[in-house]
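The structure appears below as structure tokens.
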Amino acid sequence: MKLTNDFIERNMRQFHRYALRTLHYAALTAYYERLRIGKNTITFSSLSFQETRLLYRIDQHFTDDTIFNVLDYEIIVQDNNLANALNCLPEQGRNIILLKYFLGWTDRKIGEAFSSYDSSTRKRRLAALRVLRIIYEEQNGE
């Protein structure tokens with residue numbers, strides 16, 4: 001079947017109308033979408049000082065923190081009173097407490113790291129905790 005020029009022209013006009021209609025409605029949809037978004041949008045210059053303060057937050061990372069180095073680990077203590085009390089402990093007791101309570105190590109793992117038995121590590125940890133409690137209470141007046 002041979003296509004005639006009239007048939008081809010009619011199909012081209014139909015496609016042309018379809019394309020124009022589709023583009024027209026796409027443009028209308030985009031226009032109304034911009035209007036809808038514009039109603040819910042405000043500029044930064046129109047915000048009050050209190051409202052602009054709600055848009056940002058300044059993080060206080062590592063400003064008052066104390067960092068202890070134990071076995072190539074950096075352990076961060078955020079409470080200054082606790083950090084001061086830990087500084088008053090002997091180094092071995094401090095290291096055992098930091099590894100146990102800040103890194104979650106077991107007494108056996110701490111003993112292996114310091115080449116000692118887990119029972120002696122447990123005794124040192126309990127002794128260091130008693131001393132730490134006394135120091136902490138003295139510093140805070142409790």
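A note on labels: chains of the structure tokens are A, B, ... as shown, every chain counts residues from 1, and ligands are counted from 1 in their shown order.
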
Can you build me a table of segment 8-85 of chain A residues sitting at most 10 Å from segment 99-114 of chain A, with the closest atom pair per residue and its distance in Å to one decimal, using only C-alpha atoms, sorted by chain and residue number, as a Markdown table?
| residue | atom | partner | partner_atom | distance |
| --- | --- | --- | --- | --- |
| A:Val70 | CA | A:Leu99 | CA | 7.7 |
| A:Leu71 | CA | A:Ala113 | CA | 8.3 |
| A:Tyr73 | CA | A:Leu99 | CA | 9.2 |
| A:Ile75 | CA | A:Phe102 | CA | 7.2 |
| A:Ile76 | CA | A:Phe102 | CA | 8.5 |
| A:Val77 | CA | A:Phe102 | CA | 8.6 |

Please dump the current selection as a PDB file, in the first residue's frame; keep N, CA and C atoms.
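Dumped to selection20.pdb:
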ATOM      1  N   VAL A  70      46.079   5.636  74.971  1.00  0.00           N
ATOM      2  CA  VAL A  70      46.334   4.349  75.600  1.00  0.00           C
ATOM      3  C   VAL A  70      46.505   3.315  74.498  1.00  0.00           C
ATOM      4  N   LEU A  71      47.674   2.704  74.425  1.00  0.00           N
ATOM      5  CA  LEU A  71      47.951   1.648  73.437  1.00  0.00           C
ATOM      6  C   LEU A  71      47.588   2.088  72.019  1.00  0.00           C
ATOM      7  N   TYR A  73      45.439   4.138  71.059  1.00  0.00           N
ATOM      8  CA  TYR A  73      44.043   4.550  70.945  1.00  0.00           C
ATOM      9  C   TYR A  73      43.900   5.933  71.573  1.00  0.00           C
ATOM     10  N   ILE A  75      41.399   8.120  73.474  1.00  0.00           N
ATOM     11  CA  ILE A  75      40.142   8.013  74.218  1.00  0.00           C
ATOM     12  C   ILE A  75      39.765   9.410  74.674  1.00  0.00           C
ATOM     13  N   ILE A  76      38.573   9.849  74.304  1.00  0.00           N
ATOM     14  CA  ILE A  76      38.117  11.204  74.589  1.00  0.00           C
ATOM     15  C   ILE A  76      37.194  11.172  75.802  1.00  0.00           C
ATOM     16  N   VAL A  77      37.515  11.989  76.794  1.00  0.00           N
ATOM     17  CA  VAL A  77      36.682  12.132  77.990  1.00  0.00           C
ATOM     18  C   VAL A  77      36.106  13.539  77.970  1.00  0.00           C
TER      19      VAL A  77
END

Subject >> Residue contacts of Ile134 of chain A (12 Å, only C-alpha atoms) excluding same-chain residues fewer than 4 positions away, as a list of chain:residue names >> reply: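 So the residues in contact are A:Leu82, A:Ala85, A:Leu86, A:Cys88, A:Leu89, A:Ala127, A:Ala128, A:Leu129, A:Arg130, A:Glu138, A:Gln139, A:Asn140, A:Gly141, A:Glu142.
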
Original post:
What is the distance between atom CA of Thr66 of chain A and atom CA of Asn80 of chain A, in Å to one decimal?
Top reply: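 Computed distance, atom CA of Thr66 of chain A to atom CA of Asn80 of chain A, equals 7.3 Å.
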
Original post:
as an NGL selection string, which residues of segment 2-138 of chain A does DSSP assign to strand (DSSP E)?
Top reply: :A and (66-70 or 73-77)

**OP:** Enumerate the residues of segment 28-141 of chain A with a DSSP assignment of alpha helix (DSSP H), computed from the backbone, and present them as an NGL selection string.
**Re:** :A and (28-39 or 49-53 or 80-88 or 91-101 or 107-113 or 118-140)

Subject >> Residue nearest Arg133 of chain A among A:Leu35, A:Leu28, A:Asn81, A:Phe68 (counting only C-alpha atoms) >> reply: A:Asn81

Original post:
At what distance in Å, to one decimal, does atom CA of Leu126 of chain A lie from atom CA of Asp64 of chain A?
Top reply: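 Answer for the atom CA of Asp64 of chain A to atom CA of Leu126 of chain A separation: 27.9 Å.
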
Would you mind listing what lies within 10 Å of Arg124 of chain A as a tab-separated table (two decimals) with C-alpha atoms, in the first residue's frame, with only C-alpha atoms counted and same-chain residues fewer than 6 positions away left out?
chain	number	residue	atom	x	y	z
A	92	GLN	CA	48.48	1.78	84.86
A	93	GLY	CA	45.20	2.11	86.76
A	94	ARG	CA	44.06	4.94	84.49
A	96	ILE	CA	42.91	-0.13	82.69
A	97	ILE	CA	39.85	2.00	83.53
A	118	ASP	CA	43.20	-11.20	83.98
A	130	ARG	CA	38.17	2.88	94.62

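Between Asn84 of chain A and the residues A:Arg57, A:Ile135, A:Asn40, A:Tyr117, the shortest atom-to-atom distance, using only C-alpha atoms, involves A:Ile135.
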
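Going from atom CA of Ile67 of chain A over to atom CA of Asn95 of chain A, you cover 12.2 Å.
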